[in-house]
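Student: Got a structure for you, questions after.
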Amino acid sequence: MNTIYITRRETFNAAHKLWQEEWSEEKNWEVFGKCSNKNWHGHNFHLFVTVKGIPDENTGFVMNLKTLSQILKDKVIEPLDHKNLNLDVPFFKGKMASTENLAIAIWDEIYDVIAKNGGELAKIKLVETENNYVDYYGGKEPF
């Protein structure tokens with residue numbers, strides 16, 4: 001039987017600032033531009049979590065999407081929604097608040113719990129703006 005990929009989409013709103021403490025304000029502005037605004041800025045993030053596997057013989061599911069939805073709500077949406085990524089998120093403490101780092105942190109938060117529920121995490125797509133998004137495959141090449 002062929003491998004199937006299923007994807008669940010969730011959304012959350014969060015604020016952040018891209019800033020290196022050891023750099024001057026001028027250098028932060030040069031590297032990060034408006035994203036280094038001292039008063040933060042926010043995004044309406046769209047998260048796509050893709051799980052792969054072979055459909056179960058009895059259910060036809062790779063993984064129950066209801067279960068995946070609950071995992072994402074508990075582990076990702078609740079901790080991130082309407083929060084400041086730099087200040088309020090325990091699993092993101094001390095990390096540069098880039099979208100790339102956030103995708104990796106989300107992967108790390110959900111990888112094991114998805115596996116315990118019969119799925120294999122294949123990809124995270126995190127959309128920051130309509131023009132900017134990150135695809136993360138857990139450190140493995142996608143193809």
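Labels for the structure tokens follow display order: chains A, B, ..., residues from 1 in each chain, ligands from 1.
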For the interface of stretch 11-37 of chain A with stretch 72-88 of chain A (cut-off 9 Å, counting only C-alpha atoms), please tabulate each contacting residue of stretch 11-37 of chain A alongside its nearest pair of atoms and their separation in Å to one decimal, rows sorted by chain and increasing number, as a Markdown table.
Tutor:
| residue | atom | partner | partner_atom | distance |
| --- | --- | --- | --- | --- |
| A:Thr11 | CA | A:Ile77 | CA | 7.4 |
| A:Phe12 | CA | A:Asp81 | CA | 4.8 |
| A:Asn13 | CA | A:Asp81 | CA | 5.1 |
| A:Ala14 | CA | A:His82 | CA | 4.9 |
| A:Ala15 | CA | A:Asn84 | CA | 4.7 |
| A:His16 | CA | A:Leu85 | CA | 5.2 |
| A:Lys17 | CA | A:Asn86 | CA | 7.0 |
| A:Leu18 | CA | A:Asn86 | CA | 8.7 |
Student: Quick one: distance from atom CA of A:Glu21 to atom CA of A:Asn101 in Å, one decimal?
Tutor: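 Distance between the two atoms: 17.2 Å.
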Student: Would you kindly return, as a PyMOL selection string, each protein, DNA or RNA residue with an atom no farther than 9 Å from any atom of A:Ser69, considering only C-alpha atoms and excluding same-chain residues fewer than 5 positions away?
Tutor: chain A and resi 8-10+64+74
Student: Write a file of the just-selected residues containing N, CA and C atoms, as a PDB file, in the first residue's frame.
Tutor:
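So again.pdb came out as:
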ATOM      1  N   ARG A   8      -3.317  19.014   8.515  1.00  0.00           N
ATOM      2  CA  ARG A   8      -4.259  19.772   9.336  1.00  0.00           C
ATOM      3  C   ARG A   8      -3.785  21.222   9.368  1.00  0.00           C
ATOM      4  N   ARG A   9      -4.706  22.154   9.189  1.00  0.00           N
ATOM      5  CA  ARG A   9      -4.402  23.582   9.227  1.00  0.00           C
ATOM      6  C   ARG A   9      -4.959  24.178  10.507  1.00  0.00           C
ATOM      7  N   GLU A  10      -4.157  25.006  11.148  1.00  0.00           N
ATOM      8  CA  GLU A  10      -4.574  25.755  12.328  1.00  0.00           C
ATOM      9  C   GLU A  10      -4.075  27.188  12.161  1.00  0.00           C
ATOM     10  N   ASN A  64      -6.204   9.813  13.018  1.00  0.00           N
ATOM     11  CA  ASN A  64      -7.478  10.482  13.197  1.00  0.00           C
ATOM     12  C   ASN A  64      -7.240  11.994  13.240  1.00  0.00           C
ATOM     13  N   ASP A  74      -3.625  21.679  22.031  1.00  0.00           N
ATOM     14  CA  ASP A  74      -2.996  21.583  23.356  1.00  0.00           C
ATOM     15  C   ASP A  74      -1.529  21.996  23.348  1.00  0.00           C
TER      16      ASP A  74
END
Student: What residues in chain A get the DSSP label helix (DSSP H, G or I)? Please answer as JSON, numbers by chain.
Tutor: {"A": [25, 26, 27, 28, 29, 30, 31, 32, 33, 34, 35, 36, 65, 66, 67, 68, 69, 70, 71, 72, 73, 74, 75, 76, 77, 78, 79, 80, 90, 91, 92, 99, 100, 101, 102, 103, 104, 105, 106, 107, 108, 109, 110, 111, 112, 113, 114, 115, 116]}
Student: Selected residues, C-alpha atoms, written as an mmCIF file, in the first residue's frame, please.
Tutor:
data_model
loop_
_atom_site.group_PDB
_atom_site.id
_atom_site.type_symbol
_atom_site.label_atom_id
_atom_site.label_comp_id
_atom_site.auth_asym_id
_atom_site.auth_seq_id
_atom_site.Cartn_x
_atom_site.Cartn_y
_atom_site.Cartn_z
ATOM 1 C CA GLU A 25 20.146 49.319 17.618
ATOM 2 C CA GLU A 26 21.600 50.346 14.256
ATOM 3 C CA LYS A 27 22.886 46.845 13.480
ATOM 4 C CA ASN A 28 19.557 45.284 14.517
ATOM 5 C CA TRP A 29 17.770 47.711 12.195
ATOM 6 C CA GLU A 30 20.228 46.968 9.384
ATOM 7 C CA VAL A 31 19.709 43.189 9.663
ATOM 8 C CA PHE A 32 16.065 42.913 10.767
ATOM 9 C CA GLY A 33 14.510 46.199 9.592
ATOM 10 C CA LYS A 34 10.973 46.864 10.838
ATOM 11 C CA CYS A 35 10.953 43.422 12.445
ATOM 12 C CA SER A 36 13.263 44.848 15.137
ATOM 13 C CA LEU A 65 -7.633 14.170 12.249
ATOM 14 C CA LYS A 66 -9.687 14.854 15.368
ATOM 15 C CA THR A 67 -6.778 13.572 17.462
ATOM 16 C CA LEU A 68 -4.285 15.609 15.443
ATOM 17 C CA SER A 69 -6.431 18.715 15.907
ATOM 18 C CA GLN A 70 -6.509 18.217 19.683
ATOM 19 C CA ILE A 71 -2.739 17.693 19.851
ATOM 20 C CA LEU A 72 -2.180 20.922 17.939
ATOM 21 C CA LYS A 73 -4.602 22.843 20.128
ATOM 22 C CA ASP A 74 -2.996 21.583 23.356
ATOM 23 C CA LYS A 75 0.677 21.719 22.350
ATOM 24 C CA VAL A 76 0.825 24.610 19.883
ATOM 25 C CA ILE A 77 -2.218 26.856 19.575
ATOM 26 C CA GLU A 78 -2.966 27.325 23.270
ATOM 27 C CA PRO A 79 0.680 28.136 24.173
ATOM 28 C CA LEU A 80 1.172 30.496 21.188
ATOM 29 C CA PRO A 90 8.000 28.400 27.657
ATOM 30 C CA PHE A 91 9.004 26.036 24.826
ATOM 31 C CA PHE A 92 10.443 28.982 22.877
ATOM 32 C CA THR A 99 9.654 31.933 11.803
ATOM 33 C CA GLU A 100 12.329 29.354 11.001
ATOM 34 C CA ASN A 101 13.104 28.770 14.677
ATOM 35 C CA LEU A 102 9.408 28.703 15.546
ATOM 36 C CA ALA A 103 8.772 25.959 12.965
ATOM 37 C CA ILE A 104 11.575 23.870 14.497
ATOM 38 C CA ALA A 105 10.239 24.449 18.029
ATOM 39 C CA ILE A 106 6.722 23.423 16.988
ATOM 40 C CA TRP A 107 8.113 20.265 15.383
ATOM 41 C CA ASP A 108 9.950 19.416 18.601
ATOM 42 C CA GLU A 109 6.772 19.981 20.652
ATOM 43 C CA ILE A 110 4.559 17.661 18.625
ATOM 44 C CA TYR A 111 6.847 15.024 17.093
ATOM 45 C CA ASP A 112 6.688 12.458 19.919
ATOM 46 C CA VAL A 113 3.001 12.894 20.745
ATOM 47 C CA ILE A 114 2.029 12.429 17.094
ATOM 48 C CA ALA A 115 4.149 9.261 16.960
ATOM 49 C CA LYS A 116 2.440 7.970 20.136
#
Student: Which residues are near A:Ile6? Cut-off 8 Å, only C-alpha atoms, ignore same chain within fewer than 5 positions. Put them as a PyMOL selection string.
Tutor: chain A and resi 50-52+62
Student: Please determine, counting only C-alpha atoms, which residue among A:Ile4, A:Glu22, A:Gly119, A:Leu47 has the shortest atom-to-atom distance to A:Asp135.
Tutor: A:Leu47
